[in-house]
Amino acid sequence: MNTAPVALLIHPPVYDFAFYDLYAKPYGLLKVGRWLESAGYEVRFVNALDRYDPCSTAELGALKRRFDGTGKLWKTFAEPPAPVAAGRRYGRYGITRDSFRLRLREAALDSIGKVRPPNVILVGTGMTYWYEGVRETVLLCRELFPGVPVAAGGVYASLMPDHCERVSGVDHAVAGEAYPALSRLLSSLGLPAPGSPPPEAVLPLAAVWRDSAAIRLNRGCPMSCSYCASRLLCPDFTPGDPEAAFRSVLELHERCGTVNFAFYDDALLSHKHRVLHPFLERVSASGLPVRFYTPNAVHIRSIDAETARLMRRAGFQELRLGFESSSAEFHEAHDRKVGIDELLSALETLDAAGFPRASVGVYILAGLPGMRAAEVEDSVRYARSAGVRVRIAEYSPVPGTALWEASVRASAFPLAEEPLYHNNTLLPCAWEGLDLSM
């Protein structure tokens, strides 16, 4: 008889005006799952964003996806909550509600079909303004698994733990890194508590990783940009283990057939000679037919000839750069991470390494408190003149960041009371000449 404790991990649906699957993977949740499995737990997983879900496919049709593992997810239209009823089409992204309920019911069965409810439920969270999906998940768990403790971790649970417990209904919001907070929680529940930090490896579930996977070399970021929550979520920067990262890539490629890998690093190029370069050399020497992407962007200042050459040789298909603005005043006030001329210098370095300009994307920030439309327009023109793809990143206010109080003062919305107003679709801190009609 199997007496191992059962942990049910859930990746919830997303409620938003728009949502595109740009490598939106439950990386942290399945890393915790691997950790718990190594500590003797039976781990079960329900993914409400599973694009392979057969019931949803039968009801809503097959999804269009790209060769790089990104694409659309199912959207069923929902009435927008009163706080954000702005005339736009709001929706629920993910598998159907009926399929979600069915899969949760099935999660109460063991390998031979006998009912064996979980001992603990762990829900992953993303953006603060996605909490409706967490609340839906918790309500279903209360109905199907009464009395089972429900904990949430991830971005929303870390940035707004009180709101997460009070409004989303979880019993426990685990803020920050899983270790040691989750270990302490499990111990308080009378369950086995892993005594060491989680490994970088994730549960190798083919249904999650076969089209694309998330990987991470380093933890945290050494910078303190005013608009970014990285230092709140992980206060210390820790260089990673290149060999462990390579083993993770190899495992997912061999067991799940993964070819596309997206880096979740906030500072991929930090300590590059110690971490990234050995990793890339290991990948190149292995001959693995893999492709790499950087949806989180890399720091322009750290791009040099050797790094660009190694990245190209190892299979980087697209590079996204964190430029943010062509205004020197912007960088002096908010990040000090790049000089204006450094973009052109980095692009010339990437040219020499064989990266086509069309494969390089540049992020431009829009909608910060006090930011005029003209500044965004100037930045876009500057980046376009360099022949790269411009990607506008609308600002989402993040509780606890250096820019948070200024955002609260500048916004017409009550940001401190209602996380739904953090949604960048609403341009919550829009100012002169910058509005939803642009």
# chains A, B, ... in the order shown; residues from 1 in each chain; ligands from 1
call {"tool": "closest_atom_pairs", "arguments": {"of": "segment 264-324 of chain A", "to": "segment 15-30 of chain A", "cutoff": "10 Å", "atoms": "only C-alpha atoms", "output": "JSON lines"}}
result
{"residue": "A:Tyr264", "atom": "CA", "partner": "A:Tyr27", "partner_atom": "CA", "distance": 8.8}
{"residue": "A:Tyr293", "atom": "CA", "partner": "A:Tyr23", "partner_atom": "CA", "distance": 9.4}
{"residue": "A:Thr294", "atom": "CA", "partner": "A:Tyr23", "partner_atom": "CA", "distance": 9.8}
{"residue": "A:Pro295", "atom": "CA", "partner": "A:Leu22", "partner_atom": "CA", "distance": 7.3}
call {"tool": "select_by_dssp", "arguments": {"residues": "segment 376-429 of chain A", "states": "strand (DSSP E)", "output": "number ranges by chain"}}
result
A: 389-394
call {"tool": "residues_around", "arguments": {"residues": "segment 191-195 of chain A", "least_positions_apart": "5", "cutoff": "6 Å", "atoms": "only C-alpha atoms", "output": "count of residues only"}}
result
3
call {"tool": "closest_residue", "arguments": {"among": "A:Arg92, A:His299, A:Arg274, A:Lys64", "to": "Thr76 of chain A", "atoms": "only C-alpha atoms"}}
result
A:Arg92
call {"tool": "residues_around", "arguments": {"residues": "Ala214 of chain A", "least_positions_apart": "3", "cutoff": "6 Å", "atoms": "only C-alpha atoms", "output": "list in words"}}
result
Phe261, Ala262 and Phe263 of chain A
call {"tool": "write_last_selection", "arguments": {"atoms": "N, CA, C and O atoms", "output": "PDB file, in the first residue's frame"}}
result
ATOM      1  N   PHE A 261      14.022  26.198 -26.141  1.00  0.00           N
ATOM      2  CA  PHE A 261      14.269  26.521 -24.735  1.00  0.00           C
ATOM      3  C   PHE A 261      14.314  28.035 -24.559  1.00  0.00           C
ATOM      4  O   PHE A 261      15.038  28.733 -25.279  1.00  0.00           O
ATOM      5  N   ALA A 262      13.534  28.518 -23.594  1.00  0.00           N
ATOM      6  CA  ALA A 262      13.496  29.947 -23.288  1.00  0.00           C
ATOM      7  C   ALA A 262      14.135  30.195 -21.935  1.00  0.00           C
ATOM      8  O   ALA A 262      13.798  29.534 -20.949  1.00  0.00           O
ATOM      9  N   PHE A 263      15.049  31.141 -21.881  1.00  0.00           N
ATOM     10  CA  PHE A 263      15.695  31.478 -20.620  1.00  0.00           C
ATOM     11  C   PHE A 263      14.771  32.361 -19.786  1.00  0.00           C
ATOM     12  O   PHE A 263      14.264  33.373 -20.260  1.00  0.00           O
TER      13      PHE A 263
END
call {"tool": "decode", "arguments": {"residues": "segment 321-335 of chain A", "atoms": "all heavy atoms", "output": "PDB file, in the first residue's frame"}}
result
ATOM      1  N   LEU A 321      16.482  42.502 -26.393  1.00  0.00           N
ATOM      2  CA  LEU A 321      17.367  43.385 -25.646  1.00  0.00           C
ATOM      3  C   LEU A 321      16.550  44.356 -24.798  1.00  0.00           C
ATOM      4  O   LEU A 321      15.547  44.907 -25.257  1.00  0.00           O
ATOM      5  CB  LEU A 321      18.267  44.180 -26.599  1.00  0.00           C
ATOM      6  CG  LEU A 321      19.004  43.379 -27.680  1.00  0.00           C
ATOM      7  CD1 LEU A 321      19.860  44.311 -28.531  1.00  0.00           C
ATOM      8  CD2 LEU A 321      19.867  42.286 -27.061  1.00  0.00           C
ATOM      9  N   GLY A 322      16.997  44.589 -23.576  1.00  0.00           N
ATOM     10  CA  GLY A 322      16.318  45.521 -22.685  1.00  0.00           C
ATOM     11  C   GLY A 322      16.845  46.935 -22.872  1.00  0.00           C
ATOM     12  O   GLY A 322      17.743  47.367 -22.131  1.00  0.00           O
ATOM     13  N   PHE A 323      16.316  47.654 -23.827  1.00  0.00           N
ATOM     14  CA  PHE A 323      16.751  49.023 -24.114  1.00  0.00           C
ATOM     15  C   PHE A 323      15.898  50.041 -23.354  1.00  0.00           C
ATOM     16  O   PHE A 323      16.394  51.006 -22.797  1.00  0.00           O
ATOM     17  CB  PHE A 323      16.677  49.270 -25.617  1.00  0.00           C
ATOM     18  CG  PHE A 323      17.175  50.618 -26.054  1.00  0.00           C
ATOM     19  CD1 PHE A 323      18.438  51.058 -25.708  1.00  0.00           C
ATOM     20  CD2 PHE A 323      16.374  51.447 -26.826  1.00  0.00           C
ATOM     21  CE1 PHE A 323      18.900  52.304 -26.115  1.00  0.00           C
ATOM     22  CE2 PHE A 323      16.822  52.689 -27.242  1.00  0.00           C
ATOM     23  CZ  PHE A 323      18.091  53.114 -26.888  1.00  0.00           C
ATOM     24  N   GLU A 324      14.590  49.862 -23.374  1.00  0.00           N
ATOM     25  CA  GLU A 324      13.577  50.611 -22.609  1.00  0.00           C
ATOM     26  C   GLU A 324      13.324  52.024 -23.123  1.00  0.00           C
ATOM     27  O   GLU A 324      12.185  52.436 -23.292  1.00  0.00           O
ATOM     28  CB  GLU A 324      13.913  50.683 -21.105  1.00  0.00           C
ATOM     29  CG  GLU A 324      14.541  49.464 -20.471  1.00  0.00           C
ATOM     30  CD  GLU A 324      13.857  48.145 -20.726  1.00  0.00           C
ATOM     31  OE1 GLU A 324      12.767  48.104 -21.317  1.00  0.00           O
ATOM     32  OE2 GLU A 324      14.425  47.097 -20.348  1.00  0.00           O
ATOM     33  N   SER A 325      14.384  52.808 -23.390  1.00  0.00           N
ATOM     34  CA  SER A 325      14.168  54.189 -23.816  1.00  0.00           C
ATOM     35  C   SER A 325      15.443  54.749 -24.441  1.00  0.00           C
ATOM     36  O   SER A 325      16.555  54.361 -24.062  1.00  0.00           O
ATOM     37  CB  SER A 325      13.757  55.062 -22.622  1.00  0.00           C
ATOM     38  OG  SER A 325      13.650  56.430 -22.991  1.00  0.00           O
ATOM     39  N   SER A 326      15.263  55.686 -25.372  1.00  0.00           N
ATOM     40  CA  SER A 326      16.407  56.393 -25.946  1.00  0.00           C
ATOM     41  C   SER A 326      16.735  57.647 -25.161  1.00  0.00           C
ATOM     42  O   SER A 326      17.635  58.404 -25.541  1.00  0.00           O
ATOM     43  CB  SER A 326      16.128  56.748 -27.412  1.00  0.00           C
ATOM     44  OG  SER A 326      15.011  57.631 -27.504  1.00  0.00           O
ATOM     45  N   SER A 327      16.033  57.878 -24.065  1.00  0.00           N
ATOM     46  CA  SER A 327      16.239  59.065 -23.248  1.00  0.00           C
ATOM     47  C   SER A 327      17.308  58.803 -22.184  1.00  0.00           C
ATOM     48  O   SER A 327      17.161  57.908 -21.345  1.00  0.00           O
ATOM     49  CB  SER A 327      14.927  59.477 -22.570  1.00  0.00           C
ATOM     50  OG  SER A 327      15.156  60.378 -21.518  1.00  0.00           O
ATOM     51  N   ALA A 328      18.363  59.621 -22.206  1.00  0.00           N
ATOM     52  CA  ALA A 328      19.397  59.488 -21.174  1.00  0.00           C
ATOM     53  C   ALA A 328      18.829  59.796 -19.800  1.00  0.00           C
ATOM     54  O   ALA A 328      19.236  59.187 -18.794  1.00  0.00           O
ATOM     55  CB  ALA A 328      20.561  60.424 -21.498  1.00  0.00           C
ATOM     56  N   GLU A 329      17.884  60.729 -19.728  1.00  0.00           N
ATOM     57  CA  GLU A 329      17.254  61.074 -18.449  1.00  0.00           C
ATOM     58  C   GLU A 329      16.496  59.886 -17.880  1.00  0.00           C
ATOM     59  O   GLU A 329      16.487  59.665 -16.651  1.00  0.00           O
ATOM     60  CB  GLU A 329      16.321  62.274 -18.621  1.00  0.00           C
ATOM     61  CG  GLU A 329      17.016  63.592 -18.910  1.00  0.00           C
ATOM     62  CD  GLU A 329      17.469  63.710 -20.362  1.00  0.00           C
ATOM     63  OE1 GLU A 329      17.061  62.858 -21.200  1.00  0.00           O
ATOM     64  OE2 GLU A 329      18.233  64.649 -20.663  1.00  0.00           O
ATOM     65  N   PHE A 330      15.841  59.114 -18.756  1.00  0.00           N
ATOM     66  CA  PHE A 330      15.121  57.913 -18.296  1.00  0.00           C
ATOM     67  C   PHE A 330      16.080  56.964 -17.587  1.00  0.00           C
ATOM     68  O   PHE A 330      15.815  56.502 -16.471  1.00  0.00           O
ATOM     69  CB  PHE A 330      14.463  57.209 -19.487  1.00  0.00           C
ATOM     70  CG  PHE A 330      13.843  55.885 -19.134  1.00  0.00           C
ATOM     71  CD1 PHE A 330      12.494  55.792 -18.831  1.00  0.00           C
ATOM     72  CD2 PHE A 330      14.601  54.710 -19.092  1.00  0.00           C
ATOM     73  CE1 PHE A 330      11.923  54.566 -18.489  1.00  0.00           C
ATOM     74  CE2 PHE A 330      14.043  53.494 -18.747  1.00  0.00           C
ATOM     75  CZ  PHE A 330      12.692  53.428 -18.444  1.00  0.00           C
ATOM     76  N   HIS A 331      17.192  56.667 -18.218  1.00  0.00           N
ATOM     77  CA  HIS A 331      18.121  55.692 -17.647  1.00  0.00           C
ATOM     78  C   HIS A 331      18.788  56.224 -16.381  1.00  0.00           C
ATOM     79  O   HIS A 331      19.064  55.459 -15.454  1.00  0.00           O
ATOM     80  CB  HIS A 331      19.162  55.289 -18.694  1.00  0.00           C
ATOM     81  CG  HIS A 331      18.570  54.532 -19.833  1.00  0.00           C
ATOM     82  ND1 HIS A 331      18.071  53.260 -19.695  1.00  0.00           N
ATOM     83  CD2 HIS A 331      18.366  54.872 -21.139  1.00  0.00           C
ATOM     84  CE1 HIS A 331      17.595  52.829 -20.865  1.00  0.00           C
ATOM     85  NE2 HIS A 331      17.765  53.804 -21.749  1.00  0.00           N
ATOM     86  N   GLU A 332      19.033  57.510 -16.330  1.00  0.00           N
ATOM     87  CA  GLU A 332      19.602  58.088 -15.123  1.00  0.00           C
ATOM     88  C   GLU A 332      18.642  57.953 -13.952  1.00  0.00           C
ATOM     89  O   GLU A 332      19.051  57.697 -12.818  1.00  0.00           O
ATOM     90  CB  GLU A 332      19.929  59.563 -15.363  1.00  0.00           C
ATOM     91  CG  GLU A 332      20.535  60.275 -14.161  1.00  0.00           C
ATOM     92  CD  GLU A 332      21.908  59.746 -13.777  1.00  0.00           C
ATOM     93  OE1 GLU A 332      22.597  59.175 -14.645  1.00  0.00           O
ATOM     94  OE2 GLU A 332      22.295  59.909 -12.597  1.00  0.00           O
ATOM     95  N   ALA A 333      17.359  58.090 -14.224  1.00  0.00           N
ATOM     96  CA  ALA A 333      16.353  58.046 -13.163  1.00  0.00           C
ATOM     97  C   ALA A 333      15.947  56.633 -12.773  1.00  0.00           C
ATOM     98  O   ALA A 333      15.623  56.376 -11.610  1.00  0.00           O
ATOM     99  CB  ALA A 333      15.105  58.826 -13.596  1.00  0.00           C
ATOM    100  N   HIS A 334      15.963  55.676 -13.719  1.00  0.00           N
ATOM    101  CA  HIS A 334      15.305  54.394 -13.470  1.00  0.00           C
ATOM    102  C   HIS A 334      16.194  53.163 -13.448  1.00  0.00           C
ATOM    103  O   HIS A 334      15.872  52.191 -12.748  1.00  0.00           O
ATOM    104  CB  HIS A 334      14.192  54.180 -14.495  1.00  0.00           C
ATOM    105  CG  HIS A 334      13.086  55.164 -14.425  1.00  0.00           C
ATOM    106  ND1 HIS A 334      12.263  55.267 -13.326  1.00  0.00           N
ATOM    107  CD2 HIS A 334      12.681  56.119 -15.305  1.00  0.00           C
ATOM    108  CE1 HIS A 334      11.371  56.216 -13.535  1.00  0.00           C
ATOM    109  NE2 HIS A 334      11.605  56.766 -14.714  1.00  0.00           N
ATOM    110  N   ASP A 335      17.289  53.114 -14.218  1.00  0.00           N
ATOM    111  CA  ASP A 335      18.009  51.838 -14.247  1.00  0.00           C
ATOM    112  C   ASP A 335      19.532  51.938 -14.397  1.00  0.00           C
ATOM    113  O   ASP A 335      20.247  51.049 -13.958  1.00  0.00           O
ATOM    114  CB  ASP A 335      17.444  50.909 -15.322  1.00  0.00           C
ATOM    115  CG  ASP A 335      17.438  51.515 -16.717  1.00  0.00           C
ATOM    116  OD1 ASP A 335      18.309  52.358 -17.009  1.00  0.00           O
ATOM    117  OD2 ASP A 335      16.566  51.147 -17.526  1.00  0.00           O
TER     118      ASP A 335
END
